[in-house]
Each structure stands twice: as C-alpha cells, then as structure tokens.
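Heads up, work.pdb below (PDB, C-alpha atoms, pLDDT in the B column):
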ATOM      1  CA  MET A   7     103.742 112.622 127.134  1.00 65.00           C
ATOM      2  CA  ALA A   8     103.134 110.045 124.409  1.00 78.00           C
ATOM      3  CA  ARG A   9     105.120 106.846 124.486  1.00 86.00           C
ATOM      4  CA  LYS A  10     107.260 105.865 121.514  1.00 89.00           C
ATOM      5  CA  VAL A  11     106.609 102.835 119.330  1.00 85.00           C
ATOM      6  CA  ARG A  12     109.940 101.361 120.483  1.00 88.00           C
ATOM      7  CA  GLU A  13     108.452 101.060 123.995  1.00 85.00           C
ATOM      8  CA  VAL A  14     105.723  98.662 122.811  1.00 82.00           C
ATOM      9  CA  MET A  15     107.312  96.914 119.824  1.00 82.00           C
ATOM     10  CA  THR A  16     109.066  93.566 119.708  1.00 84.00           C
ATOM     11  CA  ALA A  17     112.796  94.257 119.527  1.00 81.00           C
ATOM     12  CA  VAL A  18     113.621  91.167 117.447  1.00 87.00           C
ATOM     13  CA  PRO A  19     110.558  89.970 115.525  1.00 90.00           C
ATOM     14  CA  PHE A  20     110.444  86.540 113.915  1.00 95.00           C
ATOM     15  CA  VAL A  21     110.993  86.611 110.159  1.00 96.00           C
ATOM     16  CA  VAL A  22     110.352  83.892 107.579  1.00 97.00           C
ATOM     17  CA  GLY A  23     110.925  83.770 103.841  1.00 97.00           C
ATOM     18  CA  PRO A  24     108.019  83.945 101.395  1.00 97.00           C
ATOM     19  CA  GLN A  25     108.461  80.269 100.451  1.00 97.00           C
ATOM     20  CA  THR A  26     108.298  79.036 104.070  1.00 97.00           C
ATOM     21  CA  SER A  27     105.453  76.555 104.411  1.00 96.00           C
ATOM     22  CA  VAL A  28     102.408  77.668 106.359  1.00 96.00           C
ATOM     23  CA  ALA A  29     102.915  74.611 108.577  1.00 95.00           C
ATOM     24  CA  GLU A  30     106.356  75.941 109.552  1.00 96.00           C
ATOM     25  CA  VAL A  31     104.905  79.420 110.131  1.00 97.00           C
ATOM     26  CA  ALA A  32     102.286  77.887 112.443  1.00 96.00           C
ATOM     27  CA  ARG A  33     104.985  75.914 114.320  1.00 96.00           C
ATOM     28  CA  VAL A  34     107.022  79.090 114.875  1.00 96.00           C
ATOM     29  CA  MET A  35     103.942  80.855 116.233  1.00 96.00           C
ATOM     30  CA  ARG A  36     103.126  77.940 118.524  1.00 96.00           C
ATOM     31  CA  ASP A  37     106.661  77.399 119.783  1.00 96.00           C
ATOM     32  CA  GLU A  38     107.339  81.092 120.386  1.00 94.00           C
ATOM     33  CA  GLY A  39     103.882  81.929 121.744  1.00 94.00           C
ATOM     34  CA  ILE A  40     103.341  84.653 119.145  1.00 94.00           C
ATOM     35  CA  GLY A  41     100.490  85.544 116.814  1.00 94.00           C
ATOM     36  CA  ALA A  42     102.380  87.099 113.904  1.00 95.00           C
ATOM     37  CA  VAL A  43     105.589  86.747 111.902  1.00 97.00           C
ATOM     38  CA  LEU A  44     107.119  89.012 109.301  1.00 96.00           C
ATOM     39  CA  VAL A  45     107.659  87.774 105.749  1.00 97.00           C
ATOM     40  CA  ALA A  46     110.813  89.134 104.133  1.00 96.00           C
ATOM     41  CA  GLU A  47     112.988  88.416 101.148  1.00 95.00           C
ATOM     42  CA  GLY A  48     116.506  89.615 101.841  1.00 93.00           C
ATOM     43  CA  ASP A  49     116.163  93.091 103.339  1.00 92.00           C
ATOM     44  CA  GLU A  50     112.738  93.680 101.756  1.00 93.00           C
ATOM     45  CA  LEU A  51     109.649  93.331 103.920  1.00 94.00           C
ATOM     46  CA  ARG A  52     107.037  91.467 101.888  1.00 95.00           C
ATOM     47  CA  GLY A  53     104.246  91.113 104.417  1.00 96.00           C
ATOM     48  CA  LEU A  54     102.982  89.859 107.752  1.00 96.00           C
ATOM     49  CA  VAL A  55     101.297  86.546 108.595  1.00 97.00           C
ATOM     50  CA  THR A  56      98.990  86.457 111.599  1.00 95.00           C
ATOM     51  CA  ASP A  57      97.276  83.490 113.168  1.00 94.00           C
ATOM     52  CA  ARG A  58      94.022  84.895 111.757  1.00 94.00           C
ATOM     53  CA  ASP A  59      95.566  84.971 108.264  1.00 95.00           C
ATOM     54  CA  LEU A  60      96.308  81.261 108.604  1.00 95.00           C
ATOM     55  CA  ALA A  61      92.725  80.538 109.610  1.00 92.00           C
ATOM     56  CA  VAL A  62      90.972  82.743 107.052  1.00 92.00           C
ATOM     57  CA  ARG A  63      93.318  82.628 104.070  1.00 91.00           C
ATOM     58  CA  ILE A  64      94.629  79.059 104.320  1.00 93.00           C
ATOM     59  CA  MET A  65      92.523  76.755 106.494  1.00 89.00           C
ATOM     60  CA  ALA A  66      89.307  77.876 104.802  1.00 87.00           C
ATOM     61  CA  ARG A  67      90.648  77.067 101.310  1.00 84.00           C
ATOM     62  CA  GLU A  68      90.090  73.888  99.394  1.00 81.00           C
ATOM     63  CA  GLY A  69      92.972  71.493  98.926  1.00 81.00           C
ATOM     64  CA  ASN A  70      96.011  70.502 100.904  1.00 87.00           C
ATOM     65  CA  ILE A  71      97.302  73.216 103.230  1.00 86.00           C
ATOM     66  CA  ALA A  72     100.808  71.823 102.729  1.00 84.00           C
ATOM     67  CA  ASP A  73     100.711  73.364  99.253  1.00 90.00           C
ATOM     68  CA  TYR A  74     100.629  76.929 100.645  1.00 94.00           C
ATOM     69  CA  SER A  75     103.480  79.215 101.656  1.00 96.00           C
ATOM     70  CA  ALA A  76     103.878  82.294 103.812  1.00 97.00           C
ATOM     71  CA  ALA A  77     103.496  84.392 100.641  1.00 96.00           C
ATOM     72  CA  ASP A  78     100.036  82.860 100.113  1.00 94.00           C
ATOM     73  CA  ALA A  79      98.945  83.713 103.654  1.00 95.00           C
ATOM     74  CA  CYS A  80     100.478  87.108 104.284  1.00 93.00           C
ATOM     75  CA  SER A  81      98.918  90.533 104.391  1.00 89.00           C
ATOM     76  CA  ASP A  82     101.000  92.593 102.008  1.00 84.00           C
ATOM     77  CA  GLU A  83      99.549  96.091 102.338  1.00 89.00           C
ATOM     78  CA  LEU A  84     101.472  97.199 105.406  1.00 88.00           C
ATOM     79  CA  ILE A  85     101.933 100.559 107.032  1.00 87.00           C
ATOM     80  CA  THR A  86     105.323 100.905 108.676  1.00 87.00           C
ATOM     81  CA  VAL A  87     106.521 103.460 111.200  1.00 86.00           C
ATOM     82  CA  SER A  88     109.794 104.367 112.860  1.00 88.00           C
ATOM     83  CA  PRO A  89     110.543 103.221 116.414  1.00 88.00           C
ATOM     84  CA  THR A  90     110.586 106.923 117.364  1.00 90.00           C
ATOM     85  CA  THR A  91     106.991 107.494 116.178  1.00 89.00           C
ATOM     86  CA  ALA A  92     104.614 108.512 118.960  1.00 87.00           C
ATOM     87  CA  TRP A  93     102.433 105.613 120.129  1.00 84.00           C
ATOM     88  CA  THR A  94      98.822 106.661 120.570  1.00 77.00           C
ATOM     89  CA  GLY A  95      97.284 103.241 121.131  1.00 71.00           C
ATOM     90  CA  LEU A  96      95.311 101.002 118.846  1.00 62.00           C
ATOM     91  CA  SER A  97      92.625 103.406 117.695  1.00 53.00           C
ATOM     92  CA  PRO A  98      93.038 104.992 114.235  1.00 49.00           C
TER
END

Using structure tokens, write down the structure that the file contains.
Amino acid sequence: MARKVREVMTAVPFVVGPQTSVAEVARVMRDEGIGAVLVAEGDELRGLVTDRDLAVRIMAREGNIADYSAADACSDELITVSPTTAWTGLSP
C-alpha cells in the first residue's frame, strides 16, 4: 500500500516573508539544518527557497547579495498536494 505524503512531509515547515533578506534565509537553513524554506505573504504561499536557489540565483549574480530578498531567490512555480495524497517517491 502506498504511503501518504503526510508520512514523509515536515509537519511544521519554516516560513519567511518575501522581503526577508537572503542572508537571513541562509541563517535559518544553517541553524535548523534544512535545505529549503517556504516563502509566504499572509496565508498565501509565494514560493520556496532552496540552498541551490541561493547559490544559482543569488550568489552567481553581480552586486551585493545583501540587496536581495527571499522573493528574488524563490522558485514560484510550485505544485502543491494534500497530506493525504499517495506518496510514490521522487520519480515523476
């Protein structure tokens, strides 16, 4: 029998606002030992920032990284599912 998403998901994910600095996002990831945080404004999910997003979208840019926010770094084309969705693994 297939497992449910709720069996493999993080119960309380870390959430930051879109204007949170990328430095603060990186500190949260470091301090919590995680590789991704959600970006939300109020109850609206705006995106997801991963440690790879920080490297590819921010660190590789010109200029001062302090000028960038979570909104600048986040992936915003997300697919969401219910915790009761069947978990089939990582393959598409």

note = Expressed in Å, the length from CA of Leu51 in chain A to CA of Glu68 in chain A is 27.9 Å

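Picture a line from CA of Ser75 in chain A to CA of Thr26 in chain A; it runs 5.4 Å.
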
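From CA of Val62 in chain A back to CA of Leu44 in chain A, the distance works out to 17.5 Å.
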
request  = Just say which residues the PyMOL selection byres ((chain A and resi 85-92) around 7) picks in this file, as a PyMOL selection string.
outcome  = chain A and resi 8-12+83-84+93-94

inquiry  = Applying 8 Å and all atoms listed in the file, which residues near Pro19 in chain A remain after dropping the ones on its own chain fewer than 2 positions away? List them as number ranges by chain.
reply    = A: 16-17, 21, 43-44

key: Target residues per the PyMOL selection byres ((chain A and resi 55) around 9), formatted as a count of residues only   = 19

query = Counting all atoms listed in the file, which of A:Val22, A:Ala72, A:Ala29, A:Val34 gets nearest to Ala46 in chain A?
reply =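 Closest residue, counting all atoms listed in the file: A:Val22.
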
ask   = Counting only C-alpha atoms, which of A:Val28, A:Phe20, A:Glu38, A:Val14 gets nearest to Met65 in chain A?
value = A:Val28

Listed atoms of range 47-66 of chain A boxed along x, y and z, 8 Å each side, centre and edge lengths in Å, one decimal, as AutoDock Vina command-line options:
--center_x 102.9 --center_y 85.2 --center_z 107.2 --size_x 43.2 --size_y 32.9 --size_z 28.0

message = Restricting the calculation to all atoms listed in the file: of A:Glu13, A:Gln25, A:Ile40, A:Val18, which residue gets closest to Asp73 in chain A?
response = A:Gln25
